[in-house]
Amino acid sequence: MKRYMNKWVLLGLKVIIALACLWTFAAPILSEAMAGLYSSQAAMRWPYLIIMGILFLVCVEIAFAAVWRLLSLSGSGTVFTAKAMPCVNWVLGCAAIATALTVLVSLCFLISGWHDATMPAMDYYTIALVLGVAVLAEIGFMLLMVVMKGLLRAATDQSSELEQVI
């Protein structure tokens, strides 16, 4: 089979994925920092930690495992087979769950910080804006993955048709 990717590019991407998984240790630190900065958000430390620190990052790591599998398929030249479709479905499912979790955290923050006297208005609106942009970016990523899934399906169909002809 034809290799579609340079082995050094695949290795580099795998190293980046492995390093990105180390960010799981940052979530408790960020959650504690948010609770320390704004006393009214101290009660939200554990929901933020559980939702974004654990559940969100589990989704990201599962998606990384699926991308790792896709990279391996690409390295072996079998990316345009039916084996790749479940990996794309896992990435899409994880993205949908992660988006729902980000929306949940956004709503929790918007409600808990609305009339917070200890939080300056600029901080509130900045954090709300960042969360809103994150939700939009996640929705954009999901739409991109739907398009990529369609392209993969078309390429897989064409590849299997060519194999039958040859």
# chains A, B, ... in the order shown; residues from 1 in each chain; ligands from 1

$ residues_around --residues "Ala82 in chain A" --least-positions-apart "2" --cutoff "10 Å" --atoms "only C-alpha atoms" --output "count of residues only"
12

$ select_by_dssp --residues "chain A" --states "alpha helix (DSSP H)" --output "PyMOL selection string"
chain A and resi 7-20+26-37+45-48+57-76+84-112+121-165

$ residues_around --residues "Ala20 in chain A" --least-positions-apart "6" --cutoff "12 Å" --atoms "only C-alpha atoms" --output "PDB file with all heavy atoms, in the first residue's frame"
ATOM      1  N   LEU A  13       3.729  14.288  15.171  1.00  0.00           N
ATOM      2  CA  LEU A  13       2.347  14.445  15.620  1.00  0.00           C
ATOM      3  C   LEU A  13       2.062  13.574  16.847  1.00  0.00           C
ATOM      4  O   LEU A  13       1.368  13.995  17.770  1.00  0.00           O
ATOM      5  CB  LEU A  13       1.376  14.114  14.489  1.00  0.00           C
ATOM      6  CG  LEU A  13       1.302  15.142  13.367  1.00  0.00           C
ATOM      7  CD1 LEU A  13       0.507  14.599  12.197  1.00  0.00           C
ATOM      8  CD2 LEU A  13       0.706  16.435  13.875  1.00  0.00           C
ATOM      9  N   LYS A  14       2.604  12.380  16.855  1.00  0.00           N
ATOM     10  CA  LYS A  14       2.407  11.499  18.014  1.00  0.00           C
ATOM     11  C   LYS A  14       3.070  12.069  19.267  1.00  0.00           C
ATOM     12  O   LYS A  14       2.517  11.984  20.358  1.00  0.00           O
ATOM     13  CB  LYS A  14       2.919  10.099  17.707  1.00  0.00           C
ATOM     14  CG  LYS A  14       2.024   9.354  16.722  1.00  0.00           C
ATOM     15  CD  LYS A  14       2.564   7.981  16.399  1.00  0.00           C
ATOM     16  CE  LYS A  14       1.653   7.256  15.433  1.00  0.00           C
ATOM     17  NZ  LYS A  14       2.136   5.915  15.105  1.00  0.00           N
ATOM     18  N   ALA A  26      -2.876  20.372  34.551  1.00  0.00           N
ATOM     19  CA  ALA A  26      -3.085  21.811  34.673  1.00  0.00           C
ATOM     20  C   ALA A  26      -4.493  22.146  35.162  1.00  0.00           C
ATOM     21  O   ALA A  26      -4.696  23.193  35.769  1.00  0.00           O
ATOM     22  CB  ALA A  26      -2.834  22.502  33.337  1.00  0.00           C
ATOM     23  N   LEU A  57     -11.268  16.596  29.687  1.00  0.00           N
ATOM     24  CA  LEU A  57      -9.957  16.085  29.304  1.00  0.00           C
ATOM     25  C   LEU A  57      -9.988  14.603  28.954  1.00  0.00           C
ATOM     26  O   LEU A  57      -9.202  14.147  28.120  1.00  0.00           O
ATOM     27  CB  LEU A  57      -8.934  16.385  30.379  1.00  0.00           C
ATOM     28  CG  LEU A  57      -8.615  17.879  30.508  1.00  0.00           C
ATOM     29  CD1 LEU A  57      -7.723  18.151  31.691  1.00  0.00           C
ATOM     30  CD2 LEU A  57      -7.985  18.415  29.241  1.00  0.00           C
ATOM     31  N   VAL A  60     -10.982  14.652  25.404  1.00  0.00           N
ATOM     32  CA  VAL A  60      -9.849  15.053  24.572  1.00  0.00           C
ATOM     33  C   VAL A  60      -8.867  13.896  24.412  1.00  0.00           C
ATOM     34  O   VAL A  60      -8.377  13.625  23.305  1.00  0.00           O
ATOM     35  CB  VAL A  60      -9.149  16.297  25.164  1.00  0.00           C
ATOM     36  CG1 VAL A  60      -7.840  16.577  24.463  1.00  0.00           C
ATOM     37  CG2 VAL A  60     -10.067  17.504  25.080  1.00  0.00           C
ATOM     38  N   GLU A  61      -8.599  13.172  25.480  1.00  0.00           N
ATOM     39  CA  GLU A  61      -7.636  12.083  25.400  1.00  0.00           C
ATOM     40  C   GLU A  61      -8.172  10.909  24.597  1.00  0.00           C
ATOM     41  O   GLU A  61      -7.428  10.247  23.871  1.00  0.00           O
ATOM     42  CB  GLU A  61      -7.190  11.669  26.791  1.00  0.00           C
ATOM     43  CG  GLU A  61      -6.312  12.742  27.411  1.00  0.00           C
ATOM     44  CD  GLU A  61      -5.738  12.371  28.758  1.00  0.00           C
ATOM     45  OE1 GLU A  61      -5.856  11.198  29.153  1.00  0.00           O
ATOM     46  OE2 GLU A  61      -5.158  13.260  29.403  1.00  0.00           O
ATOM     47  N   ALA A  63     -10.234  11.275  22.100  1.00  0.00           N
ATOM     48  CA  ALA A  63     -10.105  11.761  20.727  1.00  0.00           C
ATOM     49  C   ALA A  63      -8.650  11.668  20.258  1.00  0.00           C
ATOM     50  O   ALA A  63      -8.390  11.308  19.104  1.00  0.00           O
ATOM     51  CB  ALA A  63     -10.616  13.199  20.618  1.00  0.00           C
ATOM     52  N   PHE A  64      -7.699  11.970  21.145  1.00  0.00           N
ATOM     53  CA  PHE A  64      -6.286  11.833  20.795  1.00  0.00           C
ATOM     54  C   PHE A  64      -5.951  10.377  20.448  1.00  0.00           C
ATOM     55  O   PHE A  64      -5.180  10.111  19.526  1.00  0.00           O
ATOM     56  CB  PHE A  64      -5.379  12.307  21.923  1.00  0.00           C
ATOM     57  CG  PHE A  64      -5.173  13.796  21.979  1.00  0.00           C
ATOM     58  CD1 PHE A  64      -4.697  14.388  23.137  1.00  0.00           C
ATOM     59  CD2 PHE A  64      -5.436  14.608  20.896  1.00  0.00           C
ATOM     60  CE1 PHE A  64      -4.481  15.757  23.197  1.00  0.00           C
ATOM     61  CE2 PHE A  64      -5.236  15.971  20.943  1.00  0.00           C
ATOM     62  CZ  PHE A  64      -4.752  16.540  22.102  1.00  0.00           C
ATOM     63  N   ALA A  65      -6.511   9.431  21.201  1.00  0.00           N
ATOM     64  CA  ALA A  65      -6.268   8.013  20.908  1.00  0.00           C
ATOM     65  C   ALA A  65      -6.812   7.645  19.525  1.00  0.00           C
ATOM     66  O   ALA A  65      -6.166   6.910  18.768  1.00  0.00           O
ATOM     67  CB  ALA A  65      -6.903   7.138  21.981  1.00  0.00           C
TER      68      ALA A  65
END

$ residues_around --residues "range 108-116 of chain A" --least-positions-apart "3" --cutoff "7 Å" --atoms "only C-alpha atoms" --output "list of chain:residue names"
A:Ser40, A:Leu104, A:Val105, A:Met119, A:Tyr124, A:Ala128

$ closest_residue --among "A:Ser74, A:Asn6, A:Thr118, A:Asn89" --to "Met142 in chain A" --atoms "only C-alpha atoms"
A:Asn89

$ atom_distance --atom1 "CA of Ala98 in chain A" --atom2 "CA of Met122 in chain A"
26.4 Å

$ closest_residue --among "A:Ala134, A:Leu107, A:Ala42, A:Cys94" --to "Ala66 in chain A" --atoms "only C-alpha atoms"
A:Cys94

$ atom_distance --atom1 "CA of Met44 in chain A" --atom2 "CA of Ile139 in chain A"
25.0 Å

$ atom_distance --atom1 "CA of Lys7 in chain A" --atom2 "CA of Val58 in chain A"
27.4 Å

$ decode --residues "range 101-126 of chain A" --atoms "N, CA, C and O atoms" --output "JSON list (two decimals), in the first residue's frame"
[["chain", "number", "residue", "atom", "x", "y", "z"],
["A", 101, "LEU", "N", -20.07, 19.91, 27.45],
["A", 101, "LEU", "CA", -19.46, 20.22, 28.75],
["A", 101, "LEU", "C", -19.03, 21.68, 28.83],
["A", 101, "LEU", "O", -19.19, 22.33, 29.87],
["A", 102, "THR", "N", -18.50, 22.22, 27.74],
["A", 102, "THR", "CA", -18.09, 23.63, 27.73],
["A", 102, "THR", "C", -19.31, 24.53, 27.86],
["A", 102, "THR", "O", -19.26, 25.54, 28.56],
["A", 103, "VAL", "N", -20.40, 24.18, 27.20],
["A", 103, "VAL", "CA", -21.64, 24.95, 27.34],
["A", 103, "VAL", "C", -22.12, 24.89, 28.79],
["A", 103, "VAL", "O", -22.53, 25.92, 29.35],
["A", 104, "LEU", "N", -22.04, 23.73, 29.42],
["A", 104, "LEU", "CA", -22.46, 23.58, 30.81],
["A", 104, "LEU", "C", -21.61, 24.45, 31.74],
["A", 104, "LEU", "O", -22.14, 25.17, 32.60],
["A", 105, "VAL", "N", -20.30, 24.43, 31.55],
["A", 105, "VAL", "CA", -19.42, 25.27, 32.37],
["A", 105, "VAL", "C", -19.70, 26.74, 32.11],
["A", 105, "VAL", "O", -19.71, 27.56, 33.04],
["A", 106, "SER", "N", -19.93, 27.09, 30.87],
["A", 106, "SER", "CA", -20.24, 28.49, 30.53],
["A", 106, "SER", "C", -21.50, 28.95, 31.25],
["A", 106, "SER", "O", -21.54, 30.05, 31.82],
["A", 107, "LEU", "N", -22.53, 28.13, 31.20],
["A", 107, "LEU", "CA", -23.78, 28.49, 31.88],
["A", 107, "LEU", "C", -23.58, 28.60, 33.39],
["A", 107, "LEU", "O", -24.09, 29.53, 34.02],
["A", 108, "CYS", "N", -22.83, 27.65, 33.97],
["A", 108, "CYS", "CA", -22.56, 27.70, 35.42],
["A", 108, "CYS", "C", -21.82, 28.99, 35.77],
["A", 108, "CYS", "O", -22.15, 29.66, 36.75],
["A", 109, "PHE", "N", -20.82, 29.34, 34.95],
["A", 109, "PHE", "CA", -20.07, 30.57, 35.23],
["A", 109, "PHE", "C", -20.96, 31.80, 35.05],
["A", 109, "PHE", "O", -20.91, 32.72, 35.88],
["A", 110, "LEU", "N", -21.73, 31.84, 33.98],
["A", 110, "LEU", "CA", -22.57, 33.01, 33.73],
["A", 110, "LEU", "C", -23.59, 33.22, 34.85],
["A", 110, "LEU", "O", -23.84, 34.36, 35.26],
["A", 111, "ILE", "N", -24.13, 32.14, 35.37],
["A", 111, "ILE", "CA", -25.12, 32.25, 36.45],
["A", 111, "ILE", "C", -24.44, 32.60, 37.77],
["A", 111, "ILE", "O", -24.89, 33.49, 38.50],
["A", 112, "SER", "N", -23.33, 31.91, 38.09],
["A", 112, "SER", "CA", -22.70, 32.13, 39.40],
["A", 112, "SER", "C", -21.96, 33.46, 39.48],
["A", 112, "SER", "O", -21.78, 34.01, 40.57],
["A", 113, "GLY", "N", -21.54, 33.99, 38.36],
["A", 113, "GLY", "CA", -20.76, 35.22, 38.40],
["A", 113, "GLY", "C", -21.53, 36.48, 38.04],
["A", 113, "GLY", "O", -20.97, 37.57, 38.02],
["A", 114, "TRP", "N", -22.82, 36.34, 37.79],
["A", 114, "TRP", "CA", -23.62, 37.47, 37.30],
["A", 114, "TRP", "C", -23.62, 38.66, 38.25],
["A", 114, "TRP", "O", -23.34, 39.77, 37.89],
["A", 115, "HIS", "N", -23.97, 38.43, 39.50],
["A", 115, "HIS", "CA", -24.03, 39.51, 40.48],
["A", 115, "HIS", "C", -22.94, 39.35, 41.54],
["A", 115, "HIS", "O", -23.17, 39.52, 42.72],
["A", 116, "ASP", "N", -21.75, 39.03, 41.08],
["A", 116, "ASP", "CA", -20.63, 38.80, 41.97],
["A", 116, "ASP", "C", -19.92, 40.13, 42.24],
["A", 116, "ASP", "O", -19.34, 40.73, 41.34],
["A", 117, "ALA", "N", -19.98, 40.56, 43.49],
["A", 117, "ALA", "CA", -19.37, 41.85, 43.84],
["A", 117, "ALA", "C", -17.84, 41.76, 43.89],
["A", 117, "ALA", "O", -17.17, 42.77, 43.73],
["A", 118, "THR", "N", -17.30, 40.55, 44.08],
["A", 118, "THR", "CA", -15.84, 40.42, 44.18],
["A", 118, "THR", "C", -15.17, 40.33, 42.81],
["A", 118, "THR", "O", -13.96, 40.48, 42.72],
["A", 119, "MET", "N", -15.94, 40.10, 41.78],
["A", 119, "MET", "CA", -15.37, 39.96, 40.44],
["A", 119, "MET", "C", -15.61, 41.24, 39.64],
["A", 119, "MET", "O", -16.75, 41.63, 39.43],
["A", 120, "PRO", "N", -14.54, 41.88, 39.19],
["A", 120, "PRO", "CA", -14.72, 43.07, 38.36],
["A", 120, "PRO", "C", -15.47, 42.72, 37.07],
["A", 120, "PRO", "O", -15.34, 41.62, 36.54],
["A", 121, "ALA", "N", -16.28, 43.67, 36.60],
["A", 121, "ALA", "CA", -17.10, 43.42, 35.42],
["A", 121, "ALA", "C", -16.25, 43.03, 34.22],
["A", 121, "ALA", "O", -16.64, 42.17, 33.43],
["A", 122, "MET", "N", -15.09, 43.64, 34.09],
["A", 122, "MET", "CA", -14.24, 43.34, 32.94],
["A", 122, "MET", "C", -13.78, 41.88, 32.97],
["A", 122, "MET", "O", -13.72, 41.22, 31.93],
["A", 123, "ASP", "N", -13.46, 41.38, 34.16],
["A", 123, "ASP", "CA", -13.06, 39.97, 34.28],
["A", 123, "ASP", "C", -14.22, 39.05, 33.91],
["A", 123, "ASP", "O", -14.03, 38.06, 33.20],
["A", 124, "TYR", "N", -15.41, 39.38, 34.40],
["A", 124, "TYR", "CA", -16.58, 38.57, 34.11],
["A", 124, "TYR", "C", -16.83, 38.49, 32.61],
["A", 124, "TYR", "O", -17.00, 37.40, 32.04],
["A", 125, "TYR", "N", -16.82, 39.64, 31.96],
["A", 125, "TYR", "CA", -17.10, 39.66, 30.52],
["A", 125, "TYR", "C", -15.97, 39.02, 29.71],
["A", 125, "TYR", "O", -16.23, 38.39, 28.68],
["A", 126, "THR", "N", -14.75, 39.17, 30.16],
["A", 126, "THR", "CA", -13.62, 38.54, 29.46],
["A", 126, "THR", "C", -13.71, 37.02, 29.54],
["A", 126, "THR", "O", -13.55, 36.33, 28.52]]
